[in-house]
Amino acid sequence: MPKAPEIELQFLGGAGEIGASSTFMRVGDTQLLIDCGIRFKGESALPDLAPLSGERLDAILVTHAHTDHTGALPVLAEAFPGVPIYATPPTIDLVMILVKDALKLMNLPERESEIPLYTERQVDKLFDALTPQPAHTPLIINDLEITFSMASHILGAAMIHLRTPAGDVLFTGDYSVESQRTVPGLDPIDKHVDLVITESTYGNRLHENRSIAEQRMIKQIRAVVEEDGRVLIPAFAIGRAQEVLLILKSALRDGTLPEVPIFVDGMVRSVCDVYQRHVSWVSRSLRHATKKEGHPFFGDDILRVNSAKQRQKVLEHRPSITIASSGMLTGGASSFYAAHLAPDKRDAIFLTGYQDEESPGRRLINLTKETGPRVLQLGEQTVNVECRFDTYGLSAHADRMQMIGFLDKLKPRTVVLVHGDKEAKESFAANLEAPDVVIADNGDTLKRRYRLRGERPKALAQVIYDRTLEALGFDEARELLGPPGTPINGRRVAEEWFGSPPPHDLFNAFISRLEAFELIARDDKRRSMLWVLAPGETDALSNEAELERLIKSENPKGRLFELCQRLKIPLPEFQEEISGAHYVVQAQILIGARCHDSGAWRAAAQKTAEQLACRALLGKLTEIDDGPKVIRVLPERQAELTEKNPKGQLLERLMKRPDLKLELDLQPTPKGFRCQARLADLETAWYSASGKRLAEQGAADAMLALTDERQLFRQAKQPTQQPQALSGAEDPRTRLNLARQAKEIRDFGYTAIEAAGEPHARIFTLAAWATTHRGERLEGERVSASSKKEAQRLAAAALLERLGG
């Protein structure tokens with residue numbers, strides 16, 4: 001019986017030092033390197049790469065972008081030319097930013113005495129070697145099947161599962177179990193696992209409740225800001241800074257933090273842009289914000305700091321909040337700001353992440369234990385510390401209980417602890433139930449053999465993949481998923497497509513295909529649940545998104561409801577059903593004895609389908625003929641009728657004929673309004689227009705022509721009444737107007753209105769005046785009333801009394 005192959009692991013870094021990670025793996029003839037970071041103990045240093053001398057590598061796999069996992073990659077890219085370096089697409093973008101920034105720092109004049117860890121030529125070779133690997137898509141290297149899955153630690157972070165002839169291996173990298181504001185929760189690992197290589201950073205600690213930590217931070221920031229203080233939040237450029245920005249945005253939005261400018265400096269600026277480019281890897285809320293606001297982080301309240309000159313101006317802002325890297329105050333923008341804020345009692349420095357034992361951030365925390373003058377060394381500068389400072393548990397790592405729960409669910413035969421200090425690993429190991437727990441130190445070698453694998457039963461799964469999964473096109477996927485709305489169970493959708501529950505690998509491939517179509521987003525916490533994306537949430541449906549925006553601005557449903565209110569008819573009835581990826585809506589409305597129908601309209605969003613049906617119904621209603629006896633007043637006549645003002649002319653003529661009364665019968669119609677004018681025995685046709693005034697003026701113009709034709713106003717004048725002889729029951733304003741027409745006064749009017757009192761109980765005060773033909777101006781007593789018209793009436797009466805005298 002052939003002997004099963006063996007898994008051999010050599011730990012080049014990451015066991016004894018927090019922040020370094022590199023593992024060489026050999027299975028049969030296949031040789032891989034997983035991560036290769038820089039160690040931060042004293043000065044930055046490369047891991048011991050001597051064991052790789054003379055070895056051949058088939059590939060390098062990267063779990064995530066942090067420098068303690070990627071810092072040595074430029075050296076490897078030159079040492080192993082042509083070897084692909086696989087990482088997720090966001091990780092590649094982040095690595096490029098980190099490496100370029102590190103290279104720039106190495107070449108600063110003040111660091112001439114230091115030997116650079118790598119050169120620009122090595123960085124170029126790294127960029128050529130970086131190869132994107134999507135999540136959940138198997139990568140075949142010789143007889144190994146490798147799958148990346150989301151690890152929730154930072155953007156692009158992944159766990160790496162390797163199916164080998166010697167057993168199934170999982171490299172966790174750094175991970176977080178729960179979702180964060182920026183990234184979804186950990187992908188469930190449903191694959192079989194024999195051997196786990198896991199981080200143990202917080203193997204002896206439990207995290208502070210995240211929600212409580214955020215509330216405590218906002219409360220303390222608010223206290224500083226309300227006293228015109230400046231707040232510095234040193235933050236890791238990748239992950240932590242973005243989490244803090246979203247916490248602050250949320251606090252500004254809900255009012256728990258007053259309006260205050262927020263400045264972003266250091267590498268954080270360029271890292272924030274990477275989130276915008278990889279929306280399929282971020283949380284649902286951040287994806288939505290990106291689509292809605294254009295940029296998920298920057299805006300009117302959150303500003304970039306792009307130069308040294310701007311930094312000086314930021315210091316002048318009180319109050320203000322600044323987020324800057326590095327998170328441990330080891331250099332960069334955060335060190336600059338800390339030097340200026342530390343000596344001021346009004347200001348504060350709030351730390352949000354892990355602080356290395358020898359970092360300025362850790363020394364700042366330790367100052368709480370000291371008495372007397374407190375000083376802090378920031379690079380070459382020593383500063384007095386008078387400001388407030390505190391630290392908050394916003395870790396992106398799983399804590400002891402979360403890691404134990406995760407590993408217990410996997411039930412591996414062997415657990416190897418790396419990436420943690422000795423105390424953390426020993427405490428963690430004592431709580432694990434796995435039969436084989438190994439605490440790995442730098443330089444250790446581990447060999448394990450689990451079972452003979454023989455030929456893999458991949459043929460059938462491959463056939464299913466080729467014939468069934470490849471048949472899932474964009475249109476088929478839309479029909480399968482249905483319209484946007486509540487989350488759907490991804491496993492049930494997969495079962496519906498394949499006809500039976502697919503194996504885990506095939507399920508993940510199926511989900512990856514749906515993600516590639518940009519039709520779904522996995523739930524941040526329940527990763528098997530899927531959210532079907534609406535047109536406005538994905539570029540794949542940009543045409544439908546544009547239709548939604550257009551129909552929303554038109555708002556035909558609102559216009560139709562207004563029409564129903566004007567016509568005093570029942571609101572339309574809607575018939576709705578779901579057909580594949582769309583809602584199908586039909587609207588009907590009853591006018592008189594006739595039912596009008598919109599026809600069926602389809603859209604991905606229910607509201608859009610309703611709006612489309614209402615638009616069609618409005619179009620049909622406006623096509624209804626006004627009838628043979630209705631004359632349409634065209635909009636082109638509006639300017640002419642406004643200038644002519646036939647309604648005003650009629651009313652002015654009627655002042656001389658109190659025995660006549662003009663009636664304007666105004667009625668709403670589907671197209672707007674219609675109006676008929678009646679005066680004495682004269683009656684016009686109906687005139688329709690889109691607006692009330694235009695319809696009235698059209699009818700009034702026709703009546704004006706009829707009165708001229710009948711010479712209705714050329715009858716003998718009515719006897720003119722003297723103002724003082726008129727009945728007190730008549731409107732005094734009318735009496736003044738009659739006096740002007742009888743040329744007893746030249747003109748009359750009212751003084752400027754003075755308004756006082758509360759908006760709901762206004763009091764209006766004014767006086768009426770009149771001018772005589774001799775040029776005299778007479779003014780009545782000032783009067784007050786609760787309405788303008790009543791005040792004018794009382795003022796006119798007071799003036800008439802004076803004129804009568």
# chains A, B, ... in the order shown; residues from 1 in each chain; ligands from 1

call {"tool": "residues_around", "arguments": {"residues": "Asp194 in chain A", "least_positions_apart": "2", "cutoff": "7 Å", "atoms": "only C-alpha atoms", "output": "PDB file with all heavy atoms, in the first residue's frame"}}
result
ATOM      1  N   GLY A 167      -3.939  15.785   3.427  1.00  0.00           N
ATOM      2  CA  GLY A 167      -4.893  16.306   4.394  1.00  0.00           C
ATOM      3  C   GLY A 167      -5.307  17.726   4.030  1.00  0.00           C
ATOM      4  O   GLY A 167      -4.700  18.375   3.163  1.00  0.00           O
ATOM      5  N   ASP A 168      -6.326  18.212   4.682  1.00  0.00           N
ATOM      6  CA  ASP A 168      -6.838  19.556   4.401  1.00  0.00           C
ATOM      7  C   ASP A 168      -6.290  20.541   5.426  1.00  0.00           C
ATOM      8  O   ASP A 168      -6.387  20.310   6.642  1.00  0.00           O
ATOM      9  CB  ASP A 168      -8.362  19.559   4.451  1.00  0.00           C
ATOM     10  CG  ASP A 168      -8.959  18.740   3.307  1.00  0.00           C
ATOM     11  OD1 ASP A 168      -8.251  18.542   2.306  1.00  0.00           O
ATOM     12  OD2 ASP A 168     -10.120  18.309   3.423  1.00  0.00           O
ATOM     13  N   VAL A 169      -5.745  21.640   4.923  1.00  0.00           N
ATOM     14  CA  VAL A 169      -5.042  22.623   5.754  1.00  0.00           C
ATOM     15  C   VAL A 169      -5.740  23.973   5.632  1.00  0.00           C
ATOM     16  O   VAL A 169      -6.179  24.365   4.547  1.00  0.00           O
ATOM     17  CB  VAL A 169      -3.570  22.748   5.316  1.00  0.00           C
ATOM     18  CG1 VAL A 169      -2.830  23.744   6.218  1.00  0.00           C
ATOM     19  CG2 VAL A 169      -2.892  21.392   5.334  1.00  0.00           C
ATOM     20  N   HIS A 192     -13.815  20.398   5.053  1.00  0.00           N
ATOM     21  CA  HIS A 192     -13.121  19.565   6.039  1.00  0.00           C
ATOM     22  C   HIS A 192     -11.741  20.164   6.314  1.00  0.00           C
ATOM     23  O   HIS A 192     -11.066  20.660   5.401  1.00  0.00           O
ATOM     24  CB  HIS A 192     -12.970  18.135   5.497  1.00  0.00           C
ATOM     25  CG  HIS A 192     -12.188  17.250   6.402  1.00  0.00           C
ATOM     26  ND1 HIS A 192     -12.712  16.698   7.548  1.00  0.00           N
ATOM     27  CD2 HIS A 192     -10.887  16.839   6.344  1.00  0.00           C
ATOM     28  CE1 HIS A 192     -11.784  15.981   8.152  1.00  0.00           C
ATOM     29  NE2 HIS A 192     -10.668  16.048   7.432  1.00  0.00           N
ATOM     30  N   VAL A 196      -5.003  23.281  11.228  1.00  0.00           N
ATOM     31  CA  VAL A 196      -5.248  24.723  11.218  1.00  0.00           C
ATOM     32  C   VAL A 196      -4.014  25.449  11.731  1.00  0.00           C
ATOM     33  O   VAL A 196      -3.495  25.102  12.807  1.00  0.00           O
ATOM     34  CB  VAL A 196      -6.454  25.106  12.103  1.00  0.00           C
ATOM     35  CG1 VAL A 196      -6.652  26.622  12.104  1.00  0.00           C
ATOM     36  CG2 VAL A 196      -7.718  24.434  11.616  1.00  0.00           C
ATOM     37  N   PRO A 412     -10.668  20.415  14.001  1.00  0.00           N
ATOM     38  CA  PRO A 412      -9.447  19.939  13.347  1.00  0.00           C
ATOM     39  C   PRO A 412      -8.716  18.927  14.227  1.00  0.00           C
ATOM     40  O   PRO A 412      -8.905  18.872  15.445  1.00  0.00           O
ATOM     41  CB  PRO A 412      -8.629  21.215  13.197  1.00  0.00           C
ATOM     42  CG  PRO A 412      -9.051  22.057  14.357  1.00  0.00           C
ATOM     43  CD  PRO A 412     -10.507  21.761  14.573  1.00  0.00           C
ATOM     44  N   ARG A 413      -7.879  18.133  13.606  1.00  0.00           N
ATOM     45  CA  ARG A 413      -7.076  17.191  14.375  1.00  0.00           C
ATOM     46  C   ARG A 413      -5.849  17.872  14.975  1.00  0.00           C
ATOM     47  O   ARG A 413      -5.360  17.478  16.028  1.00  0.00           O
ATOM     48  CB  ARG A 413      -6.660  16.028  13.485  1.00  0.00           C
ATOM     49  CG  ARG A 413      -7.855  15.226  12.969  1.00  0.00           C
ATOM     50  CD  ARG A 413      -7.445  14.109  12.055  1.00  0.00           C
ATOM     51  NE  ARG A 413      -6.603  13.134  12.713  1.00  0.00           N
ATOM     52  CZ  ARG A 413      -6.092  12.046  12.121  1.00  0.00           C
ATOM     53  NH1 ARG A 413      -6.349  11.812  10.838  1.00  0.00           N
ATOM     54  NH2 ARG A 413      -5.336  11.196  12.793  1.00  0.00           N
ATOM     55  N   THR A 414      -5.338  18.902  14.265  1.00  0.00           N
ATOM     56  CA  THR A 414      -4.146  19.619  14.740  1.00  0.00           C
ATOM     57  C   THR A 414      -4.383  21.120  14.655  1.00  0.00           C
ATOM     58  O   THR A 414      -4.896  21.615  13.656  1.00  0.00           O
ATOM     59  CB  THR A 414      -2.913  19.260  13.892  1.00  0.00           C
ATOM     60  OG1 THR A 414      -2.704  17.849  13.942  1.00  0.00           O
ATOM     61  CG2 THR A 414      -1.674  19.978  14.411  1.00  0.00           C
TER      62      THR A 414
END

call {"tool": "residues_around", "arguments": {"residues": "range 774-780 of chain A", "least_positions_apart": "4", "cutoff": "6 Å", "atoms": "only C-alpha atoms", "output": "PDB file with C-alpha atoms, in the first residue's frame"}}
result
ATOM      1  CA  ALA A 767     -54.534 103.515   7.430  1.00  0.00           C
ATOM      2  CA  ALA A 768     -56.376 104.500   4.230  1.00  0.00           C
ATOM      3  CA  TRP A 769     -55.588 107.732   2.311  1.00  0.00           C
ATOM      4  CA  ALA A 770     -57.141 109.719  -0.509  1.00  0.00           C
ATOM      5  CA  ALA A 798     -62.453 105.506   8.833  1.00  0.00           C
ATOM      6  CA  LEU A 799     -61.385 107.492   5.752  1.00  0.00           C
TER       7      LEU A 799
END

call {"tool": "closest_residue", "arguments": {"among": "A:Ser688, A:Ser22, A:Ser152, A:Gln741", "to": "Ala398 in chain A", "atoms": "only C-alpha atoms"}}
result
A:Ser152

call {"tool": "select_by_dssp", "arguments": {"residues": "range 36-166 of chain A", "states": "alpha helix (DSSP H)", "output": "NGL selection string"}}
result
:A and (67-70 or 73-79 or 89-106 or 120-129)

call {"tool": "write_last_selection", "arguments": {"atoms": "N, CA, C and O atoms", "output": "compact mmCIF listing (two decimals), in the first residue's frame"}}
result
# COMPACT_ATOMS: atom_id res chain seq x y z
N THR A 67 1.58 44.95 6.83
CA THR A 67 3.01 44.80 6.60
C THR A 67 3.62 43.61 7.34
O THR A 67 4.59 43.03 6.87
N ASP A 68 3.02 43.22 8.47
CA ASP A 68 3.57 42.08 9.19
C ASP A 68 3.29 40.76 8.47
O ASP A 68 3.75 39.70 8.91
N HIS A 69 2.58 40.84 7.34
CA HIS A 69 2.34 39.66 6.51
C HIS A 69 2.86 39.83 5.09
O HIS A 69 2.92 38.85 4.34
N THR A 70 3.22 41.07 4.71
CA THR A 70 3.62 41.33 3.31
C THR A 70 4.92 42.12 3.16
O THR A 70 5.40 42.29 2.05
N LEU A 73 7.79 40.88 0.86
CA LEU A 73 7.47 40.37 -0.48
C LEU A 73 8.38 40.91 -1.59
O LEU A 73 8.71 40.17 -2.53
N PRO A 74 8.82 42.19 -1.55
CA PRO A 74 9.73 42.65 -2.61
C PRO A 74 11.02 41.83 -2.69
O PRO A 74 11.52 41.55 -3.78
N VAL A 75 11.54 41.45 -1.52
CA VAL A 75 12.77 40.63 -1.51
C VAL A 75 12.49 39.26 -2.13
O VAL A 75 13.29 38.74 -2.91
N LEU A 76 11.34 38.68 -1.80
CA LEU A 76 10.99 37.37 -2.35
C LEU A 76 10.76 37.44 -3.85
O LEU A 76 11.10 36.51 -4.59
N ALA A 77 10.14 38.51 -4.32
CA ALA A 77 9.86 38.64 -5.74
C ALA A 77 11.13 38.62 -6.56
O ALA A 77 11.16 38.07 -7.68
N GLU A 78 12.21 39.18 -6.01
CA GLU A 78 13.49 39.13 -6.72
C GLU A 78 14.18 37.78 -6.53
O GLU A 78 14.78 37.24 -7.46
N ALA A 79 14.06 37.21 -5.33
CA ALA A 79 14.73 35.94 -5.06
C ALA A 79 14.10 34.78 -5.82
O ALA A 79 14.79 33.80 -6.15
N PRO A 89 -7.94 40.80 -4.91
CA PRO A 89 -7.76 42.09 -5.59
C PRO A 89 -7.60 43.29 -4.65
O PRO A 89 -6.71 44.12 -4.88
N PRO A 90 -8.41 43.42 -3.58
CA PRO A 90 -8.17 44.56 -2.68
C PRO A 90 -6.80 44.48 -2.00
O PRO A 90 -6.16 45.51 -1.79
N THR A 91 -6.37 43.27 -1.65
CA THR A 91 -5.07 43.12 -0.99
C THR A 91 -3.95 43.60 -1.90
O THR A 91 -3.01 44.27 -1.44
N ILE A 92 -4.03 43.30 -3.18
CA ILE A 92 -2.99 43.73 -4.12
C ILE A 92 -2.91 45.26 -4.16
O ILE A 92 -1.82 45.84 -4.08
N ASP A 93 -4.06 45.94 -4.24
CA ASP A 93 -4.05 47.40 -4.25
C ASP A 93 -3.45 47.97 -2.97
O ASP A 93 -2.69 48.95 -3.00
N LEU A 94 -3.79 47.37 -1.85
CA LEU A 94 -3.28 47.86 -0.56
C LEU A 94 -1.79 47.59 -0.41
O LEU A 94 -1.06 48.44 0.11
N VAL A 95 -1.34 46.43 -0.86
CA VAL A 95 0.11 46.12 -0.79
C VAL A 95 0.90 47.14 -1.61
O VAL A 95 1.97 47.60 -1.18
N MET A 96 0.41 47.49 -2.76
CA MET A 96 1.12 48.47 -3.60
C MET A 96 1.25 49.81 -2.89
O MET A 96 2.30 50.46 -2.96
N ILE A 97 0.21 50.24 -2.18
CA ILE A 97 0.28 51.50 -1.42
C ILE A 97 1.29 51.39 -0.30
O ILE A 97 2.14 52.27 -0.10
N LEU A 98 1.23 50.29 0.47
CA LEU A 98 2.12 50.11 1.62
C LEU A 98 3.59 50.05 1.20
O LEU A 98 4.45 50.68 1.82
N VAL A 99 3.86 49.30 0.14
CA VAL A 99 5.25 49.11 -0.28
C VAL A 99 5.83 50.41 -0.83
O VAL A 99 6.97 50.78 -0.54
N LYS A 100 5.02 51.14 -1.60
CA LYS A 100 5.50 52.42 -2.13
C LYS A 100 5.78 53.41 -1.00
O LYS A 100 6.77 54.14 -1.03
N ASP A 101 4.91 53.43 -0.01
CA ASP A 101 5.10 54.34 1.12
C ASP A 101 6.34 53.96 1.91
O ASP A 101 7.12 54.84 2.30
N ALA A 102 6.55 52.66 2.13
CA ALA A 102 7.75 52.21 2.86
C ALA A 102 9.01 52.57 2.10
O ALA A 102 10.02 53.01 2.70
N LEU A 103 8.98 52.42 0.78
CA LEU A 103 10.15 52.75 -0.03
C LEU A 103 10.47 54.24 0.05
O LEU A 103 11.64 54.63 0.15
N LYS A 104 9.43 55.06 0.06
CA LYS A 104 9.64 56.50 0.18
C LYS A 104 10.28 56.85 1.52
O LYS A 104 11.20 57.68 1.59
N LEU A 105 9.80 56.20 2.60
CA LEU A 105 10.36 56.47 3.93
C LEU A 105 11.81 56.02 4.04
O LEU A 105 12.64 56.68 4.68
N MET A 106 12.12 54.89 3.39
CA MET A 106 13.50 54.39 3.45
C MET A 106 14.49 55.33 2.79
O MET A 106 15.67 55.37 3.16
N GLU A 120 13.85 49.94 -5.24
CA GLU A 120 12.77 50.22 -6.18
C GLU A 120 12.67 49.12 -7.24
O GLU A 120 11.58 48.76 -7.68
N ARG A 121 13.80 48.56 -7.64
CA ARG A 121 13.78 47.47 -8.62
C ARG A 121 13.06 46.24 -8.07
O ARG A 121 12.28 45.59 -8.78
N GLN A 122 13.27 45.94 -6.82
CA GLN A 122 12.59 44.81 -6.20
C GLN A 122 11.08 45.07 -6.10
O GLN A 122 10.27 44.15 -6.28
N VAL A 123 10.71 46.31 -5.83
CA VAL A 123 9.30 46.66 -5.76
C VAL A 123 8.64 46.47 -7.12
O VAL A 123 7.51 45.95 -7.22
N ASP A 124 9.32 46.86 -8.19
CA ASP A 124 8.78 46.67 -9.54
C ASP A 124 8.56 45.19 -9.83
O ASP A 124 7.55 44.82 -10.45
N LYS A 125 9.50 44.36 -9.41
CA LYS A 125 9.36 42.91 -9.62
C LYS A 125 8.16 42.36 -8.84
O LYS A 125 7.45 41.46 -9.31
N LEU A 126 7.93 42.91 -7.64
CA LEU A 126 6.78 42.48 -6.86
C LEU A 126 5.48 42.80 -7.58
O LEU A 126 4.58 41.95 -7.68
N PHE A 127 5.38 44.01 -8.11
CA PHE A 127 4.15 44.40 -8.80
C PHE A 127 3.88 43.50 -10.00
O PHE A 127 2.72 43.21 -10.32
N ASP A 128 4.95 43.07 -10.67
CA ASP A 128 4.77 42.16 -11.81
C ASP A 128 4.29 40.78 -11.36
O ASP A 128 3.58 40.09 -12.11
N ALA A 129 4.69 40.37 -10.15
CA ALA A 129 4.38 39.02 -9.68
C ALA A 129 3.00 38.91 -9.04
O ALA A 129 2.43 37.81 -8.98

call {"tool": "closest_residue", "arguments": {"among": "A:Ala605, A:Arg374, A:Tyr687, A:Gly229", "to": "Leu634 in chain A", "atoms": "only C-alpha atoms"}}
result
A:Tyr687

call {"tool": "closest_residue", "arguments": {"among": "A:Gln215, A:Thr201, A:Thr669, A:Gln10", "to": "Asp399 in chain A", "atoms": "only C-alpha atoms"}}
result
A:Thr201

call {"tool": "closest_residue", "arguments": {"among": "A:Lys568, A:Arg181, A:Lys425, A:Arg253", "to": "Arg240 in chain A", "atoms": "only C-alpha atoms"}}
result
A:Arg181

call {"tool": "residues_around", "arguments": {"residues": "range 379-390 of chain A", "least_positions_apart": "6", "cutoff": "7 Å", "atoms": "only C-alpha atoms", "output": "mmCIF file with C-alpha atoms, in the first residue's frame"}}
result
data_model
loop_
_atom_site.group_PDB
_atom_site.id
_atom_site.type_symbol
_atom_site.label_atom_id
_atom_site.label_comp_id
_atom_site.auth_asym_id
_atom_site.auth_seq_id
_atom_site.Cartn_x
_atom_site.Cartn_y
_atom_site.Cartn_z
ATOM 1 C CA ALA A 339 3.763 66.700 19.266
ATOM 2 C CA LEU A 341 -1.512 68.496 20.889
ATOM 3 C CA ALA A 342 0.213 66.698 23.781
ATOM 4 C CA PRO A 343 1.274 69.862 25.714
ATOM 5 C CA ASP A 344 -2.253 71.429 25.610
ATOM 6 C CA LYS A 345 -4.748 70.571 28.352
ATOM 7 C CA ARG A 346 -7.688 71.353 26.081
ATOM 8 C CA ASP A 347 -6.701 68.700 23.529
ATOM 9 C CA ALA A 348 -6.824 64.896 23.489
ATOM 10 C CA ILE A 349 -5.110 61.874 21.921
ATOM 11 C CA PHE A 350 -7.333 58.802 21.678
ATOM 12 C CA LEU A 351 -5.796 55.446 20.695
#

call {"tool": "atom_distance", "arguments": {"atom1": "CA of Glu515 in chain A", "atom2": "CA of Asn142 in chain A"}}
result
27.4 Å

call {"tool": "select_by_dssp", "arguments": {"residues": "range 397-490 of chain A", "states": "strand (DSSP E)", "output": "list in words"}}
result
Thr414, Val415, Val416, Leu417, Val418, Asp436, Val437, Val438, Ile439, Thr445, Leu446, Lys447, Arg448, Ile488 and Asn489 of chain A

call {"tool": "write_last_selection", "arguments": {"atoms": "N, CA, C and O atoms", "output": "PDB file, in the first residue's frame"}}
result
ATOM      1  N   THR A 414      -5.338  18.902  14.265  1.00  0.00           N
ATOM      2  CA  THR A 414      -4.146  19.619  14.740  1.00  0.00           C
ATOM      3  C   THR A 414      -4.383  21.120  14.655  1.00  0.00           C
ATOM      4  O   THR A 414      -4.896  21.615  13.656  1.00  0.00           O
ATOM      5  N   VAL A 415      -4.019  21.826  15.727  1.00  0.00           N
ATOM      6  CA  VAL A 415      -4.076  23.287  15.743  1.00  0.00           C
ATOM      7  C   VAL A 415      -2.676  23.807  16.041  1.00  0.00           C
ATOM      8  O   VAL A 415      -2.073  23.432  17.051  1.00  0.00           O
ATOM      9  N   VAL A 416      -2.165  24.664  15.165  1.00  0.00           N
ATOM     10  CA  VAL A 416      -0.846  25.273  15.353  1.00  0.00           C
ATOM     11  C   VAL A 416      -1.042  26.750  15.654  1.00  0.00           C
ATOM     12  O   VAL A 416      -1.711  27.463  14.899  1.00  0.00           O
ATOM     13  N   LEU A 417      -0.472  27.210  16.771  1.00  0.00           N
ATOM     14  CA  LEU A 417      -0.640  28.592  17.197  1.00  0.00           C
ATOM     15  C   LEU A 417       0.568  29.420  16.783  1.00  0.00           C
ATOM     16  O   LEU A 417       1.708  29.096  17.143  1.00  0.00           O
ATOM     17  N   VAL A 418       0.311  30.484  16.021  1.00  0.00           N
ATOM     18  CA  VAL A 418       1.358  31.425  15.611  1.00  0.00           C
ATOM     19  C   VAL A 418       0.849  32.834  15.896  1.00  0.00           C
ATOM     20  O   VAL A 418      -0.242  33.029  16.412  1.00  0.00           O
ATOM     21  N   ASP A 436      -4.393  17.596  19.174  1.00  0.00           N
ATOM     22  CA  ASP A 436      -2.998  17.906  18.858  1.00  0.00           C
ATOM     23  C   ASP A 436      -2.858  19.421  18.736  1.00  0.00           C
ATOM     24  O   ASP A 436      -3.255  20.013  17.733  1.00  0.00           O
ATOM     25  N   VAL A 437      -2.316  20.061  19.794  1.00  0.00           N
ATOM     26  CA  VAL A 437      -2.137  21.517  19.794  1.00  0.00           C
ATOM     27  C   VAL A 437      -0.647  21.814  19.851  1.00  0.00           C
ATOM     28  O   VAL A 437       0.062  21.309  20.728  1.00  0.00           O
ATOM     29  N   VAL A 438      -0.163  22.637  18.924  1.00  0.00           N
ATOM     30  CA  VAL A 438       1.268  22.940  18.815  1.00  0.00           C
ATOM     31  C   VAL A 438       1.474  24.441  18.964  1.00  0.00           C
ATOM     32  O   VAL A 438       0.827  25.234  18.274  1.00  0.00           O
ATOM     33  N   ILE A 439       2.373  24.824  19.881  1.00  0.00           N
ATOM     34  CA  ILE A 439       2.793  26.225  19.994  1.00  0.00           C
ATOM     35  C   ILE A 439       4.072  26.362  19.189  1.00  0.00           C
ATOM     36  O   ILE A 439       5.117  25.826  19.566  1.00  0.00           O
ATOM     37  N   THR A 445      10.009  23.305  12.796  1.00  0.00           N
ATOM     38  CA  THR A 445       9.501  22.525  11.664  1.00  0.00           C
ATOM     39  C   THR A 445       8.451  21.547  12.189  1.00  0.00           C
ATOM     40  O   THR A 445       8.634  20.921  13.229  1.00  0.00           O
ATOM     41  N   LEU A 446       7.357  21.425  11.487  1.00  0.00           N
ATOM     42  CA  LEU A 446       6.265  20.539  11.882  1.00  0.00           C
ATOM     43  C   LEU A 446       5.926  19.614  10.715  1.00  0.00           C
ATOM     44  O   LEU A 446       5.797  20.080   9.572  1.00  0.00           O
ATOM     45  N   LYS A 447       5.800  18.314  10.984  1.00  0.00           N
ATOM     46  CA  LYS A 447       5.420  17.350   9.949  1.00  0.00           C
ATOM     47  C   LYS A 447       4.215  16.561  10.433  1.00  0.00           C
ATOM     48  O   LYS A 447       4.194  16.078  11.558  1.00  0.00           O
ATOM     49  N   ARG A 448       3.203  16.449   9.557  1.00  0.00           N
ATOM     50  CA  ARG A 448       2.014  15.686   9.883  1.00  0.00           C
ATOM     51  C   ARG A 448       1.542  14.934   8.638  1.00  0.00           C
ATOM     52  O   ARG A 448       1.641  15.427   7.516  1.00  0.00           O
ATOM     53  N   ILE A 488     -32.534  36.542   0.770  1.00  0.00           N
ATOM     54  CA  ILE A 488     -32.953  35.199   0.392  1.00  0.00           C
ATOM     55  C   ILE A 488     -31.876  34.207   0.822  1.00  0.00           C
ATOM     56  O   ILE A 488     -30.708  34.558   0.972  1.00  0.00           O
ATOM     57  N   ASN A 489     -32.284  32.968   1.029  1.00  0.00           N
ATOM     58  CA  ASN A 489     -31.364  31.918   1.459  1.00  0.00           C
ATOM     59  C   ASN A 489     -30.564  31.430   0.262  1.00  0.00           C
ATOM     60  O   ASN A 489     -31.111  30.860  -0.683  1.00  0.00           O
TER      61      ASN A 489
END

call {"tool": "residues_around", "arguments": {"residues": "Asp747 in chain A", "least_positions_apart": "2", "cutoff": "10 Å", "atoms": "only C-alpha atoms", "output": "list in words"}}
result
Leu736, Asn737, Ala739, Arg740, Gln741, Lys743, Glu744, Ile745, Gly749, Trp769, Ala770, Thr771, Thr772, His773 and Arg777 of chain A
